[in-house]
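See structure below.
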Amino acid sequence: MGSASSSYVPKTIHLDVEGKPQKVVFSRHCSPSDIKELLCSSAGLPRNTSIMLVDRDGAIISIDPTVPSNSPSSPYRVIPPSAGQLGEKEDLFRNVLTQVADQLSRAFRINELKTEVTNRLALLEKRVELEGLKVVEIEKCKNDLKKLRDELTSRSNRANCPCKYDPLDDGKKLTPRRDVPSYPKYTLSKETIEALKKPTFDVWHWEHNEMLSCLEYMYHDLGLVKEFNMNPITLKRWLISIQENYRSNPFHNFRHCFCVTQMMYGMIHLCNLQEKLTLNDFGILMTAAVCHDLDHPGYNNAFEPIILLQTAYKYAELQNTEGSNCSLILFIVIASPLQEIFLKLDNLSMEEEMQAIITLILATDMARHGEILDSFQQKVDHFDFTNDEDVTCLKMVLIKCCDISNEVRPTDVAEPWVDCLLEEYFMQSDREKIEGLPVAPFMDRDKVTKPTAQIGFIKFVLIPMFETVMKLFPQIEEVMVQPLRDSRDHYEELKQIEDAMTEV
């Protein structure tokens, strides 16, 4: 044992570290990693640095206990990896990580799921916002109804009270419920007065205050102010409240209200209805035309919830909600001022008047078009102006004609209304797409054009209805029916041009 131990000699290797000689001594029992750490320490490198050991000729020497011994004259050199080699390894590592990430994304559809979650969150946020707006509108409607009921109850209590004392009659001068804006009083020229009676009247050249003055004139000219003992200031105040309660929609706005009412006024003169109907009928026709689209939301009944107030049942005695619209609701809410306008009527007559107005407003719902036109077609050949049922049916058809009469007007007046209506349709269809609701083809901006929107409507809705009215009033053919035929031909020509351009 003693001789074996004395014969063991540690291994020594000589290094050249930046021109300085170094000597490393290690046991043959050292591991390669121990030897690497010794070499790194000798070369002034961190212990875990990846290194190479090379001789003077550049040959790589294995770093382990069997490394050949050398002499100081032929030292080994310790070489760390270059920066380029490290960069290549890092790039390789990044490429591997990127490939793994791409494979994981494809396997679990991470990007698609992220997009879907984002879209659903946005949709939910919009729905929450819309539901909040609906709640606010419902609460506002409830408050308005409560005020109306309280006012009606208060009036009823005062009317039935046996005492003659009126708590409001305390010697103070009563003030109007609302101020009448001091807009200028317009004096209509003879040319304007005559133009108001014709379907060619250009409704685009008038401001709201001017249209209000024209509406006032119509009520005076038809004899309604005198017949019903209307206070002109009350009439003006009521018309202003009507204008304020039309929304700023592209189509269903106050200008459309005026357009329909002016056409009604024109048809009364054109068809000589003064000889066939009563002033009470004129009051119903004109007031229904003014009120028919009050507070219209800009969406049709297929989109908006159909609501019918309990008050409407009282006046209209309807058995279902078909055809109910926001115009009817707001009409009931502001109906009280009508009692001040039609001062000549007693309570019973006033209820009958309001029921008749509501009947005409409901008739403007296009869902009832076929039903109303069929009924009128059955009566027109043997029409009796002394029959209340026949006259009511005629009034329903008249307000329907006026409501959709834009194409009766000259092209430069009618065509902008088509643009307005399509804009409103597209607003609804865009919202329906967001809500995931079905979209009607005639409202889809990706499917409908101006000619395709108008040709079918003119051919199958307008012309058949106006030609039926023409059987009773032949004088409308030249000024109303023929313009419709011309408009149909105009849009059919545009459709042919569109088709030709598509083929090219």
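Each chain of the structure tokens is named A, B, ... in the order shown, its residues numbered from 1; ligands are numbered from 1 in display order.
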For this session: Determine, counting only C-alpha atoms, which protein, DNA and RNA residues have an atom within 6 Å of an atom of range 192-202 of chain A; residues of the same chain fewer than 2 positions away are not included. Present the result as JSON, numbers by chain.
Result: {"A": [189, 190, 204, 266, 409]}
For this session: With a distance cut-off of 9 Å and only C-alpha atoms, select the neighbouring residues of Leu53 in chain A, excluding the residue or stretch itself and same-chain residues fewer than 6 positions from it, and output the selection as a ChimeraX atom specification.
Result: /A:39,59-63,76-79
For this session: Report the distance between CA of Pro80 in chain A and CA of Thr49 in chain A in Å, rounded to one decimal place.
Result: 7.1 Å
Exercise. For Tyr299 in chain A, which residue among A:Leu277, A:Leu421, A:Met263, A:Ile233 is the nearest when counting only C-alpha atoms?
Worked result: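 Of A:Leu277, A:Leu421, A:Met263, A:Ile233, the one nearest Tyr299 in chain A, counting only C-alpha atoms, is A:Leu421.
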